[in-house]
$ cat upload-v2.pdb   # PDB, C-alpha atoms
MODEL        1
ATOM      1  CA  MET F   1       0.000   0.000   0.000  1.00  0.00           C
ATOM      2  CA  LEU F   2       1.380   3.386  -0.985  1.00  0.00           C
ATOM      3  CA  LYS F   3       1.975   5.972   1.742  1.00  0.00           C
ATOM      4  CA  SER F   4       0.174   9.318   2.072  1.00  0.00           C
ATOM      5  CA  GLN F   5       3.413  11.334   2.305  1.00  0.00           C
ATOM      6  CA  ILE F   6       3.867  14.247  -0.086  1.00  0.00           C
ATOM      7  CA  VAL F   7       6.813  16.530  -0.831  1.00  0.00           C
ATOM      8  CA  THR F   8       6.714  20.263  -1.477  1.00  0.00           C
ATOM      9  CA  VAL F   9       9.413  22.364  -3.091  1.00  0.00           C
ATOM     10  CA  SER F  10       8.949  26.118  -2.744  1.00  0.00           C
ATOM     11  CA  PHE F  11      10.928  28.971  -4.249  1.00  0.00           C
ATOM     12  CA  PHE F  12      10.944  32.563  -2.986  1.00  0.00           C
ATOM     13  CA  ARG F  13      12.038  35.492  -5.139  1.00  0.00           C
ATOM     14  CA  TYR F  14      13.177  38.679  -3.389  1.00  0.00           C
ATOM     15  CA  GLN F  15      13.685  42.174  -4.761  1.00  0.00           C
ATOM     16  CA  GLY F  16      15.462  45.053  -3.069  1.00  0.00           C
ATOM     17  CA  ARG F  17      18.353  44.959  -0.622  1.00  0.00           C
ATOM     18  CA  ALA F  18      16.217  44.873   2.543  1.00  0.00           C
ATOM     19  CA  ASN F  19      14.073  41.990   1.333  1.00  0.00           C
ATOM     20  CA  CYS F  20      17.067  40.021   0.049  1.00  0.00           C
ATOM     21  CA  TRP F  21      18.719  40.433   3.447  1.00  0.00           C
ATOM     22  CA  TRP F  22      15.530  39.218   5.150  1.00  0.00           C
ATOM     23  CA  GLY F  23      15.479  36.190   2.863  1.00  0.00           C
ATOM     24  CA  PHE F  24      19.123  35.430   3.608  1.00  0.00           C
ATOM     25  CA  LYS F  25      18.469  35.540   7.365  1.00  0.00           C
ATOM     26  CA  GLN F  26      15.684  32.967   7.034  1.00  0.00           C
ATOM     27  CA  MET F  27      18.308  30.345   6.182  1.00  0.00           C
ATOM     28  CA  GLY F  28      19.206  30.430   9.881  1.00  0.00           C
ATOM     29  CA  LEU F  29      15.984  31.664  11.489  1.00  0.00           C
ATOM     30  CA  ALA F  30      13.223  29.769   9.683  1.00  0.00           C
ATOM     31  CA  PRO F  31      14.310  26.222  10.675  1.00  0.00           C
ATOM     32  CA  THR F  32      13.612  26.922  14.362  1.00  0.00           C
ATOM     33  CA  ARG F  33      10.076  27.987  13.429  1.00  0.00           C
ATOM     34  CA  LEU F  34       9.539  25.017  11.130  1.00  0.00           C
ATOM     35  CA  ALA F  35      10.330  22.582  13.938  1.00  0.00           C
ATOM     36  CA  GLY F  36       7.142  21.190  15.401  1.00  0.00           C
ATOM     37  CA  ILE F  37       4.810  22.212  12.573  1.00  0.00           C
ATOM     38  CA  PRO F  38       2.097  19.521  12.397  1.00  0.00           C
ATOM     39  CA  GLY F  39       2.891  16.848   9.838  1.00  0.00           C
ATOM     40  CA  LEU F  40       6.237  18.283   8.714  1.00  0.00           C
ATOM     41  CA  GLN F  41       8.581  15.285   8.846  1.00  0.00           C
ATOM     42  CA  PHE F  42      11.686  16.721   7.150  1.00  0.00           C
ATOM     43  CA  TYR F  43      12.610  20.209   5.952  1.00  0.00           C
ATOM     44  CA  LYS F  44      15.504  22.131   4.482  1.00  0.00           C
ATOM     45  CA  MET F  45      15.932  25.819   3.819  1.00  0.00           C
ATOM     46  CA  VAL F  46      18.177  26.193   0.764  1.00  0.00           C
ATOM     47  CA  GLY F  47      19.958  28.924  -1.106  1.00  0.00           C
ATOM     48  CA  SER F  48      20.320  28.997  -4.878  1.00  0.00           C
ATOM     49  CA  GLY F  49      23.030  29.465  -7.456  1.00  0.00           C
ATOM     50  CA  ASN F  50      23.050  31.584 -10.569  1.00  0.00           C
ATOM     51  CA  GLY F  51      22.194  29.669 -13.715  1.00  0.00           C
ATOM     52  CA  ASN F  52      20.249  26.433 -14.153  1.00  0.00           C
ATOM     53  CA  GLY F  53      22.312  23.913 -12.218  1.00  0.00           C
ATOM     54  CA  PHE F  54      25.337  23.698  -9.921  1.00  0.00           C
ATOM     55  CA  SER F  55      26.947  27.122  -9.663  1.00  0.00           C
ATOM     56  CA  ILE F  56      29.777  28.505  -7.584  1.00  0.00           C
ATOM     57  CA  TRP F  57      28.094  31.936  -7.582  1.00  0.00           C
ATOM     58  CA  PRO F  58      25.114  32.421  -5.230  1.00  0.00           C
ATOM     59  CA  ASN F  59      21.874  34.099  -6.183  1.00  0.00           C
ATOM     60  CA  PHE F  60      20.930  36.317  -3.234  1.00  0.00           C
ATOM     61  CA  GLY F  61      17.485  36.962  -4.710  1.00  0.00           C
ATOM     62  CA  VAL F  62      16.221  33.359  -4.676  1.00  0.00           C
ATOM     63  CA  TYR F  63      15.846  30.916  -1.780  1.00  0.00           C
ATOM     64  CA  GLY F  64      13.889  27.731  -1.320  1.00  0.00           C
ATOM     65  CA  LEU F  65      12.166  25.413   1.134  1.00  0.00           C
ATOM     66  CA  ILE F  66      11.920  21.636   0.753  1.00  0.00           C
ATOM     67  CA  GLY F  67       9.279  19.996   2.932  1.00  0.00           C
ATOM     68  CA  VAL F  68       8.237  16.396   3.480  1.00  0.00           C
ATOM     69  CA  TRP F  69       4.717  16.059   4.899  1.00  0.00           C
ATOM     70  CA  ASP F  70       2.824  13.133   6.378  1.00  0.00           C
ATOM     71  CA  GLU F  71      -0.236  14.111   4.355  1.00  0.00           C
ATOM     72  CA  GLU F  72      -1.367  16.769   1.918  1.00  0.00           C
ATOM     73  CA  LYS F  73      -3.747  18.540   4.325  1.00  0.00           C
ATOM     74  CA  ASN F  74      -0.954  19.568   6.683  1.00  0.00           C
ATOM     75  CA  ALA F  75       1.021  21.039   3.787  1.00  0.00           C
ATOM     76  CA  ARG F  76      -2.010  22.969   2.506  1.00  0.00           C
ATOM     77  CA  ASP F  77      -2.721  24.333   5.983  1.00  0.00           C
ATOM     78  CA  PHE F  78       0.873  25.534   6.389  1.00  0.00           C
ATOM     79  CA  PHE F  79       1.027  27.384   3.091  1.00  0.00           C
ATOM     80  CA  ALA F  80      -2.426  28.920   3.518  1.00  0.00           C
ATOM     81  CA  GLN F  81      -2.462  29.799   7.209  1.00  0.00           C
ATOM     82  CA  HIS F  82       0.901  29.719   8.991  1.00  0.00           C
ATOM     83  CA  GLU F  83       2.318  33.043  10.159  1.00  0.00           C
ATOM     84  CA  LEU F  84       5.752  32.213   8.704  1.00  0.00           C
ATOM     85  CA  MET F  85       4.259  31.948   5.222  1.00  0.00           C
ATOM     86  CA  ALA F  86       2.435  35.241   5.785  1.00  0.00           C
ATOM     87  CA  GLU F  87       5.822  36.846   6.484  1.00  0.00           C
ATOM     88  CA  PHE F  88       7.312  35.283   3.354  1.00  0.00           C
ATOM     89  CA  ARG F  89       4.481  36.728   1.287  1.00  0.00           C
ATOM     90  CA  THR F  90       5.153  40.181   2.784  1.00  0.00           C
ATOM     91  CA  HIS F  91       8.828  40.157   1.794  1.00  0.00           C
ATOM     92  CA  THR F  92       8.797  38.298  -1.535  1.00  0.00           C
ATOM     93  CA  ALA F  93       7.981  39.396  -5.050  1.00  0.00           C
ATOM     94  CA  GLU F  94       7.025  35.857  -6.040  1.00  0.00           C
ATOM     95  CA  ILE F  95       6.441  32.432  -4.439  1.00  0.00           C
ATOM     96  CA  TRP F  96       6.077  29.153  -6.284  1.00  0.00           C
ATOM     97  CA  THR F  97       5.299  25.812  -4.609  1.00  0.00           C
ATOM     98  CA  ILE F  98       5.248  22.431  -6.378  1.00  0.00           C
ATOM     99  CA  TYR F  99       3.446  19.458  -4.814  1.00  0.00           C
ATOM    100  CA  LEU F 100       5.107  16.113  -5.518  1.00  0.00           C
ATOM    101  CA  GLN F 101       4.775  12.376  -5.007  1.00  0.00           C
ATOM    102  CA  SER F 102       7.871  10.160  -5.050  1.00  0.00           C
ATOM    103  CA  PHE F 103       8.249   7.157  -7.318  1.00  0.00           C
ATOM    104  CA  LYS F 104      11.999   6.484  -7.100  1.00  0.00           C
ATOM    105  CA  VAL F 105      14.512   7.228  -4.341  1.00  0.00           C
ATOM    106  CA  HIS F 106      18.145   6.226  -3.906  1.00  0.00           C
ATOM    107  CA  GLY F 107      20.699   7.357  -1.335  1.00  0.00           C
ATOM    108  CA  ASN F 108      20.654   9.412   1.861  1.00  0.00           C
ATOM    109  CA  TRP F 109      20.272  12.990   3.037  1.00  0.00           C
ATOM    110  CA  ASP F 110      21.871  13.693   6.424  1.00  0.00           C
ATOM    111  CA  GLN F 111      22.131   9.939   6.947  1.00  0.00           C
ATOM    112  CA  GLN F 112      18.426   9.340   6.404  1.00  0.00           C
ATOM    113  CA  VAL F 113      16.041   8.657   3.543  1.00  0.00           C
ATOM    114  CA  PRO F 114      13.446  11.437   3.776  1.00  0.00           C
ATOM    115  CA  PHE F 115      11.273  10.419   0.817  1.00  0.00           C
ATOM    116  CA  GLU F 116       8.946   7.416   0.709  1.00  0.00           C
ATOM    117  CA  ILE F 117       7.557   5.862  -2.476  1.00  0.00           C
ATOM    118  CA  THR F 118       4.042   7.284  -2.688  1.00  0.00           C
ATOM    119  CA  THR F 119       3.004   6.818  -6.308  1.00  0.00           C
ATOM    120  CA  GLU F 120       3.575   4.544  -9.278  1.00  0.00           C
ATOM    121  CA  PHE F 121       5.713   5.631 -12.204  1.00  0.00           C
ATOM    122  CA  ASN F 122       3.811   6.838 -15.276  1.00  0.00           C
ATOM    123  CA  GLU F 123       5.951   7.558 -18.335  1.00  0.00           C
ATOM    124  CA  ASN F 124       3.412  10.058 -19.683  1.00  0.00           C
ATOM    125  CA  LEU F 125       3.332  12.337 -16.653  1.00  0.00           C
ATOM    126  CA  PRO F 126       5.661  15.277 -15.955  1.00  0.00           C
ATOM    127  CA  VAL F 127       8.717  14.406 -13.866  1.00  0.00           C
ATOM    128  CA  ALA F 128      10.690  16.270 -11.219  1.00  0.00           C
ATOM    129  CA  VAL F 129      14.255  15.240 -10.370  1.00  0.00           C
ATOM    130  CA  LEU F 130      16.145  16.126  -7.196  1.00  0.00           C
ATOM    131  CA  THR F 131      19.834  15.289  -6.864  1.00  0.00           C
ATOM    132  CA  ARG F 132      21.722  16.211  -3.714  1.00  0.00           C
ATOM    133  CA  ALA F 133      25.297  15.590  -2.603  1.00  0.00           C
ATOM    134  CA  THR F 134      27.826  16.451   0.068  1.00  0.00           C
ATOM    135  CA  ILE F 135      31.113  17.007  -1.740  1.00  0.00           C
ATOM    136  CA  ARG F 136      34.306  15.738  -0.153  1.00  0.00           C
ATOM    137  CA  ALA F 137      36.590  18.615   0.851  1.00  0.00           C
ATOM    138  CA  SER F 138      39.504  16.919  -0.906  1.00  0.00           C
ATOM    139  CA  ARG F 139      37.514  16.812  -4.178  1.00  0.00           C
ATOM    140  CA  LEU F 140      36.128  20.352  -4.240  1.00  0.00           C
ATOM    141  CA  TRP F 141      38.541  21.642  -6.890  1.00  0.00           C
ATOM    142  CA  HIS F 142      37.883  18.717  -9.260  1.00  0.00           C
ATOM    143  CA  PHE F 143      34.126  19.028  -8.832  1.00  0.00           C
ATOM    144  CA  TRP F 144      33.880  22.760  -9.395  1.00  0.00           C
ATOM    145  CA  SER F 145      36.287  22.744 -12.321  1.00  0.00           C
ATOM    146  CA  TYR F 146      34.096  20.308 -14.232  1.00  0.00           C
ATOM    147  CA  VAL F 147      30.438  20.291 -13.219  1.00  0.00           C
ATOM    148  CA  PRO F 148      29.364  23.859 -14.202  1.00  0.00           C
ATOM    149  CA  ARG F 149      29.910  22.958 -17.871  1.00  0.00           C
ATOM    150  CA  VAL F 150      27.399  20.147 -17.482  1.00  0.00           C
ATOM    151  CA  SER F 151      24.850  22.500 -15.944  1.00  0.00           C
ATOM    152  CA  LYS F 152      25.140  24.872 -18.898  1.00  0.00           C
ATOM    153  CA  ALA F 153      24.793  22.035 -21.391  1.00  0.00           C
ATOM    154  CA  MET F 154      21.663  20.770 -19.651  1.00  0.00           C
ATOM    155  CA  TRP F 155      19.582  23.792 -20.646  1.00  0.00           C
ATOM    156  CA  ALA F 156      21.176  24.245 -24.056  1.00  0.00           C
ATOM    157  CA  GLU F 157      20.593  20.658 -25.189  1.00  0.00           C
ATOM    158  CA  HIS F 158      17.092  20.015 -23.865  1.00  0.00           C
ATOM    159  CA  GLN F 159      15.243  23.285 -23.656  1.00  0.00           C
ATOM    160  CA  SER F 160      12.125  21.787 -25.289  1.00  0.00           C
ATOM    161  CA  GLY F 161      11.677  19.131 -22.597  1.00  0.00           C
ATOM    162  CA  LEU F 162      13.156  20.977 -19.628  1.00  0.00           C
ATOM    163  CA  LEU F 163      10.595  23.201 -17.928  1.00  0.00           C
ATOM    164  CA  PHE F 164      12.712  24.431 -15.056  1.00  0.00           C
ATOM    165  CA  SER F 165      16.115  23.828 -13.473  1.00  0.00           C
ATOM    166  CA  VAL F 166      17.916  25.426 -10.546  1.00  0.00           C
ATOM    167  CA  GLY F 167      20.933  24.711  -8.396  1.00  0.00           C
ATOM    168  CA  ILE F 168      20.224  24.782  -4.668  1.00  0.00           C
ATOM    169  CA  GLY F 169      22.176  23.981  -1.535  1.00  0.00           C
ATOM    170  CA  GLU F 170      22.443  24.147   2.239  1.00  0.00           C
ATOM    171  CA  LEU F 171      26.125  25.083   2.446  1.00  0.00           C
ATOM    172  CA  PRO F 172      27.958  27.003  -0.305  1.00  0.00           C
ATOM    173  CA  LEU F 173      30.354  24.856  -2.344  1.00  0.00           C
ATOM    174  CA  ILE F 174      29.982  21.743  -0.152  1.00  0.00           C
ATOM    175  CA  GLN F 175      26.311  20.691   0.090  1.00  0.00           C
ATOM    176  CA  GLN F 176      24.781  21.045  -3.363  1.00  0.00           C
ATOM    177  CA  ALA F 177      21.629  19.940  -5.137  1.00  0.00           C
ATOM    178  CA  THR F 178      19.746  20.438  -8.376  1.00  0.00           C
ATOM    179  CA  PHE F 179      16.002  20.460  -8.894  1.00  0.00           C
ATOM    180  CA  SER F 180      14.568  20.120 -12.389  1.00  0.00           C
ATOM    181  CA  LEU F 181      11.149  19.694 -13.997  1.00  0.00           C
ATOM    182  CA  TRP F 182      10.576  17.865 -17.275  1.00  0.00           C
ATOM    183  CA  THR F 183       7.542  17.492 -19.501  1.00  0.00           C
ATOM    184  CA  ASN F 184       7.812  13.683 -19.291  1.00  0.00           C
ATOM    185  CA  SER F 185      10.213  10.869 -18.484  1.00  0.00           C
ATOM    186  CA  LYS F 186      11.283  10.402 -22.114  1.00  0.00           C
ATOM    187  CA  GLU F 187      12.752  13.910 -22.257  1.00  0.00           C
ATOM    188  CA  MET F 188      14.385  13.515 -18.861  1.00  0.00           C
ATOM    189  CA  GLN F 189      15.941  10.143 -19.715  1.00  0.00           C
ATOM    190  CA  ALA F 190      17.221  11.454 -23.044  1.00  0.00           C
ATOM    191  CA  TYR F 191      19.342  13.885 -21.061  1.00  0.00           C
ATOM    192  CA  ALA F 192      20.244  11.473 -18.265  1.00  0.00           C
ATOM    193  CA  TYR F 193      21.374   8.595 -20.472  1.00  0.00           C
ATOM    194  CA  LYS F 194      22.236  10.034 -23.888  1.00  0.00           C
ATOM    195  CA  SER F 195      23.918  13.365 -23.142  1.00  0.00           C
ATOM    196  CA  PRO F 196      27.714  12.982 -23.371  1.00  0.00           C
ATOM    197  CA  PHE F 197      28.117  15.720 -20.762  1.00  0.00           C
ATOM    198  CA  HIS F 198      25.929  13.936 -18.237  1.00  0.00           C
ATOM    199  CA  SER F 199      27.486  10.544 -18.956  1.00  0.00           C
ATOM    200  CA  ASN F 200      30.938  11.973 -18.332  1.00  0.00           C
ATOM    201  CA  VAL F 201      29.974  13.519 -15.007  1.00  0.00           C
ATOM    202  CA  ILE F 202      28.479  10.221 -13.810  1.00  0.00           C
ATOM    203  CA  ARG F 203      31.680   8.414 -14.782  1.00  0.00           C
ATOM    204  CA  LYS F 204      33.873  10.987 -13.055  1.00  0.00           C
ATOM    205  CA  THR F 205      31.705  10.855  -9.942  1.00  0.00           C
ATOM    206  CA  ARG F 206      32.569   7.185  -9.587  1.00  0.00           C
ATOM    207  CA  GLU F 207      36.195   7.468 -10.658  1.00  0.00           C
ATOM    208  CA  LEU F 208      37.134  10.450  -8.506  1.00  0.00           C
ATOM    209  CA  GLY F 209      34.862   9.812  -5.515  1.00  0.00           C
ATOM    210  CA  TRP F 210      33.486  13.351  -5.412  1.00  0.00           C
ATOM    211  CA  TYR F 211      30.679  12.697  -2.933  1.00  0.00           C
ATOM    212  CA  LYS F 212      30.679  11.778   0.747  1.00  0.00           C
ATOM    213  CA  GLU F 213      26.887  11.402   0.630  1.00  0.00           C
ATOM    214  CA  GLU F 214      24.419  11.549  -2.227  1.00  0.00           C
ATOM    215  CA  LEU F 215      20.704  11.240  -2.906  1.00  0.00           C
ATOM    216  CA  PHE F 216      18.735  10.917  -6.121  1.00  0.00           C
ATOM    217  CA  ALA F 217      14.935  11.116  -6.227  1.00  0.00           C
ATOM    218  CA  ARG F 218      12.273  11.288  -8.913  1.00  0.00           C
ATOM    219  CA  PHE F 219       8.740  12.580  -8.462  1.00  0.00           C
ATOM    220  CA  HIS F 220       5.507  13.196 -10.308  1.00  0.00           C
ATOM    221  CA  PRO F 221       4.213  16.728  -9.641  1.00  0.00           C
ATOM    222  CA  PHE F 222       0.467  16.771  -9.060  1.00  0.00           C
ATOM    223  CA  ASP F 223      -0.216  20.421  -8.253  1.00  0.00           C
ATOM    224  CA  SER F 224       1.422  23.821  -7.961  1.00  0.00           C
ATOM    225  CA  GLU F 225       0.630  27.207  -6.487  1.00  0.00           C
ATOM    226  CA  GLY F 226       1.931  30.613  -7.484  1.00  0.00           C
ATOM    227  CA  THR F 227       4.103  31.658 -10.393  1.00  0.00           C
ATOM    228  CA  TRP F 228       7.763  31.870 -11.368  1.00  0.00           C
ATOM    229  CA  GLY F 229       8.941  34.541 -13.740  1.00  0.00           C
ATOM    230  CA  GLY F 230       5.324  35.637 -13.930  1.00  0.00           C
ATOM    231  CA  GLN F 231       4.256  32.282 -15.367  1.00  0.00           C
ATOM    232  CA  GLU F 232       2.563  29.158 -14.090  1.00  0.00           C
ATOM    233  CA  LYS F 233       5.087  26.588 -15.326  1.00  0.00           C
ATOM    234  CA  LEU F 234       2.839  23.634 -14.523  1.00  0.00           C
ATOM    235  CA  GLN F 235      -0.337  25.073 -15.983  1.00  0.00           C
ATOM    236  CA  PHE F 236      -1.090  21.752 -17.702  1.00  0.00           C
ATOM    237  CA  LEU F 237      -1.873  20.379 -14.236  1.00  0.00           C
ATOM    238  CA  HIS F 238      -4.785  22.820 -14.047  1.00  0.00           C
ATOM    239  CA  PRO F 239      -7.081  22.162 -17.061  1.00  0.00           C
ATOM    240  CA  GLN F 240      -9.042  25.182 -18.114  1.00  0.00           C
ATOM    241  CA  THR F 241     -12.830  24.764 -18.056  1.00  0.00           C
ATOM    242  CA  PRO F 242     -14.790  26.229 -20.979  1.00  0.00           C
TER     243      PRO F 242
ENDMDL
END

$ encode --input "upload-v2.pdb" --output "structure tokens"
Amino acid sequence: MLKSQIVTVSFFRYQGRANCWWGFKQMGLAPTRLAGIPGLQFYKMVGSGNGNGFSIWPNFGVYGLIGVWDEEKNARDFFAQHELMAEFRTHTAEIWTIYLQSFKVHGNWDQQVPFEITTEFNENLPVAVLTRATIRASRLWHFWSYVPRVSKAMWAEHQSGLLFSVGIGELPLIQQATFSLWTNSKEMQAYAYKSPFHSNVIRKTRELGWYKEELFARFHPFDSEGTWGGQEKLQFLHPQTP
């Protein structure tokens, strides 16, 4: 029997120095307020990098929140009613939240597996991919001298199937992740298995032992709230009625 757990990934866009500073402070302040929220099993406040994937340069105008919830109702209540979200809405120019169900998970995050399998894979549905790693200190130079080229190639090669991609992380340079949305699994797998850039980075990951810990998860998005860049990027999840 599949579990009722859902995952949310939220992005916050800030404008103006004061608001960007407020957003930066939430990396340290928000986790204490997230602790104890009903149904919130796992959470991470994350910063973002410039560009579409791993980046050494931070983007001080975009931050994120990853949440794992025991059921959808608790997530909906938090985003609609909690005072912390009301404060985020006051300081942000834009908020976008994607609701997800997991269908494949491999690896660990802080020595635990936060995501449970909650849905069956459907090759025709849109796919979200989250990859996260803690980079070994002794491998930082090798990693950052190679991986940014792969991130650039990702958007250039598969713009038609790639809806969204961003590099995120808990600690600059060391704890890094990417989150991407694809129109379907065929487009995502074409990049994952056929791109020479991606194949090379997978090979080098194994050869050079870049990661001390890594996690790879795939999801089907089933709803979204808000906009990003003024657009609803998952509008096909919300059929228009005549």

$ residues_around --input "upload-v2.pdb" --residues "stretch 41-43 of chain F" --least-positions-apart "5" --cutoff "10 Å" --atoms "only C-alpha atoms" --output "list in words"
Gln5, Val7, Thr8, Val9, Pro31, Leu34, Ala35, Gly36, Leu65, Ile66, Gly67, Val68, Trp69, Asp70, Glu71, Val113, Pro114 and Phe115 of chain F

$ resolve_selection --input "upload-v2.pdb" --expression "the PyMOL selection byres ((chain F and resi 99) around 7)" --output "PyMOL selection string"
chain F and resi 7-9+97-98+100+221-224

$ resolve_selection --input "upload-v2.pdb" --expression "the PyMOL selection byres ((chain F and resi 12) around 12)" --output "mmCIF file with C-alpha atoms, in the frame of the given file"
data_model
loop_
_atom_site.group_PDB
_atom_site.id
_atom_site.type_symbol
_atom_site.label_atom_id
_atom_site.label_comp_id
_atom_site.auth_asym_id
_atom_site.auth_seq_id
_atom_site.Cartn_x
_atom_site.Cartn_y
_atom_site.Cartn_z
ATOM 1 C CA VAL F 9 9.413 22.364 -3.091
ATOM 2 C CA SER F 10 8.949 26.118 -2.744
ATOM 3 C CA PHE F 11 10.928 28.971 -4.249
ATOM 4 C CA ARG F 13 12.038 35.492 -5.139
ATOM 5 C CA TYR F 14 13.177 38.679 -3.389
ATOM 6 C CA GLN F 15 13.685 42.174 -4.761
ATOM 7 C CA ASN F 19 14.073 41.990 1.333
ATOM 8 C CA CYS F 20 17.067 40.021 0.049
ATOM 9 C CA TRP F 22 15.530 39.218 5.150
ATOM 10 C CA GLY F 23 15.479 36.190 2.863
ATOM 11 C CA PHE F 24 19.123 35.430 3.608
ATOM 12 C CA GLN F 26 15.684 32.967 7.034
ATOM 13 C CA MET F 27 18.308 30.345 6.182
ATOM 14 C CA MET F 45 15.932 25.819 3.819
ATOM 15 C CA VAL F 46 18.177 26.193 0.764
ATOM 16 C CA GLY F 47 19.958 28.924 -1.106
ATOM 17 C CA SER F 48 20.320 28.997 -4.878
ATOM 18 C CA ASN F 59 21.874 34.099 -6.183
ATOM 19 C CA PHE F 60 20.930 36.317 -3.234
ATOM 20 C CA GLY F 61 17.485 36.962 -4.710
ATOM 21 C CA VAL F 62 16.221 33.359 -4.676
ATOM 22 C CA TYR F 63 15.846 30.916 -1.780
ATOM 23 C CA GLY F 64 13.889 27.731 -1.320
ATOM 24 C CA LEU F 65 12.166 25.413 1.134
ATOM 25 C CA ILE F 66 11.920 21.636 0.753
ATOM 26 C CA MET F 85 4.259 31.948 5.222
ATOM 27 C CA GLU F 87 5.822 36.846 6.484
ATOM 28 C CA PHE F 88 7.312 35.283 3.354
ATOM 29 C CA ARG F 89 4.481 36.728 1.287
ATOM 30 C CA THR F 90 5.153 40.181 2.784
ATOM 31 C CA HIS F 91 8.828 40.157 1.794
ATOM 32 C CA THR F 92 8.797 38.298 -1.535
ATOM 33 C CA ALA F 93 7.981 39.396 -5.050
ATOM 34 C CA GLU F 94 7.025 35.857 -6.040
ATOM 35 C CA ILE F 95 6.441 32.432 -4.439
ATOM 36 C CA TRP F 96 6.077 29.153 -6.284
ATOM 37 C CA THR F 97 5.299 25.812 -4.609
ATOM 38 C CA GLY F 226 1.931 30.613 -7.484
ATOM 39 C CA THR F 227 4.103 31.658 -10.393
ATOM 40 C CA TRP F 228 7.763 31.870 -11.368
ATOM 41 C CA GLY F 229 8.941 34.541 -13.740
#

$ atom_distance --input "upload-v2.pdb" --atom1 "atom CA of F:Glu120" --atom2 "atom CA of F:Ser102"
8.2 Å

$ resolve_selection --input "upload-v2.pdb" --expression "the PyMOL selection byres ((chain F and resi 171) around 12)" --output "JSON, numbers by chain"
{"F": [27, 28, 44, 45, 46, 47, 48, 49, 56, 58, 132, 133, 134, 135, 168, 169, 170, 172, 173, 174, 175, 176, 177]}

$ atom_distance --input "upload-v2.pdb" --atom1 "atom CA of F:Trp109" --atom2 "atom CA of F:Ile37"
20.4 Å

$ closest_residue --input "upload-v2.pdb" --among "F:Leu215, F:Lys3, F:Leu163, F:Lys186" --to "F:Gln235" --atoms "all atoms listed in the file"
F:Leu163

$ residues_around --input "upload-v2.pdb" --residues "F:His220" --least-positions-apart "4" --cutoff "12 Å" --atoms "all atoms listed in the file" --output "JSON, numbers by chain"
{"F": [6, 7, 8, 98, 99, 100, 101, 102, 103, 104, 117, 118, 119, 120, 121, 122, 123, 124, 125, 126, 127, 128, 129, 130, 180, 181, 182, 183, 184, 185, 224, 234, 237]}

$ atom_distance --input "upload-v2.pdb" --atom1 "atom CA of F:Asp77" --atom2 "atom CA of F:Asp110"
26.8 Å

$ build_atoms --input "upload-v2.pdb" --residues "stretch 74-85 of chain F" --atoms "N, CA and C atoms" --output "PDB file, in the coordinates of the input"
ATOM      1  N   ASN F  74      -1.866  18.789   5.836  1.00  0.00           N
ATOM      2  CA  ASN F  74      -0.954  19.568   6.683  1.00  0.00           C
ATOM      3  C   ASN F  74      -0.113  20.543   5.864  1.00  0.00           C
ATOM      4  N   ALA F  75       0.276  20.130   4.665  1.00  0.00           N
ATOM      5  CA  ALA F  75       1.021  21.039   3.787  1.00  0.00           C
ATOM      6  C   ALA F  75       0.140  22.202   3.354  1.00  0.00           C
ATOM      7  N   ARG F  76      -1.090  21.912   2.946  1.00  0.00           N
ATOM      8  CA  ARG F  76      -2.010  22.969   2.506  1.00  0.00           C
ATOM      9  C   ARG F  76      -2.267  23.961   3.637  1.00  0.00           C
ATOM     10  N   ASP F  77      -2.460  23.452   4.844  1.00  0.00           N
ATOM     11  CA  ASP F  77      -2.721  24.333   5.983  1.00  0.00           C
ATOM     12  C   ASP F  77      -1.532  25.252   6.241  1.00  0.00           C
ATOM     13  N   PHE F  78      -0.326  24.716   6.153  1.00  0.00           N
ATOM     14  CA  PHE F  78       0.873  25.534   6.389  1.00  0.00           C
ATOM     15  C   PHE F  78       0.971  26.667   5.388  1.00  0.00           C
ATOM     16  N   PHE F  79       0.845  26.354   4.115  1.00  0.00           N
ATOM     17  CA  PHE F  79       1.027  27.384   3.091  1.00  0.00           C
ATOM     18  C   PHE F  79      -0.103  28.411   3.096  1.00  0.00           C
ATOM     19  N   ALA F  80      -1.286  27.996   3.529  1.00  0.00           N
ATOM     20  CA  ALA F  80      -2.426  28.920   3.518  1.00  0.00           C
ATOM     21  C   ALA F  80      -2.542  29.743   4.792  1.00  0.00           C
ATOM     22  N   GLN F  81      -2.103  29.182   5.941  1.00  0.00           N
ATOM     23  CA  GLN F  81      -2.462  29.799   7.209  1.00  0.00           C
ATOM     24  C   GLN F  81      -1.302  30.151   8.137  1.00  0.00           C
ATOM     25  N   HIS F  82      -0.154  29.526   7.987  1.00  0.00           N
ATOM     26  CA  HIS F  82       0.901  29.719   8.991  1.00  0.00           C
ATOM     27  C   HIS F  82       1.486  31.133   8.916  1.00  0.00           C
ATOM     28  N   GLU F  83       1.798  31.677  10.099  1.00  0.00           N
ATOM     29  CA  GLU F  83       2.318  33.043  10.159  1.00  0.00           C
ATOM     30  C   GLU F  83       3.658  33.191   9.449  1.00  0.00           C
ATOM     31  N   LEU F  84       4.476  32.124   9.411  1.00  0.00           N
ATOM     32  CA  LEU F  84       5.752  32.213   8.704  1.00  0.00           C
ATOM     33  C   LEU F  84       5.524  32.435   7.214  1.00  0.00           C
ATOM     34  N   MET F  85       4.552  31.748   6.640  1.00  0.00           N
ATOM     35  CA  MET F  85       4.259  31.948   5.222  1.00  0.00           C
ATOM     36  C   MET F  85       3.702  33.346   4.970  1.00  0.00           C
TER      37      MET F  85
END
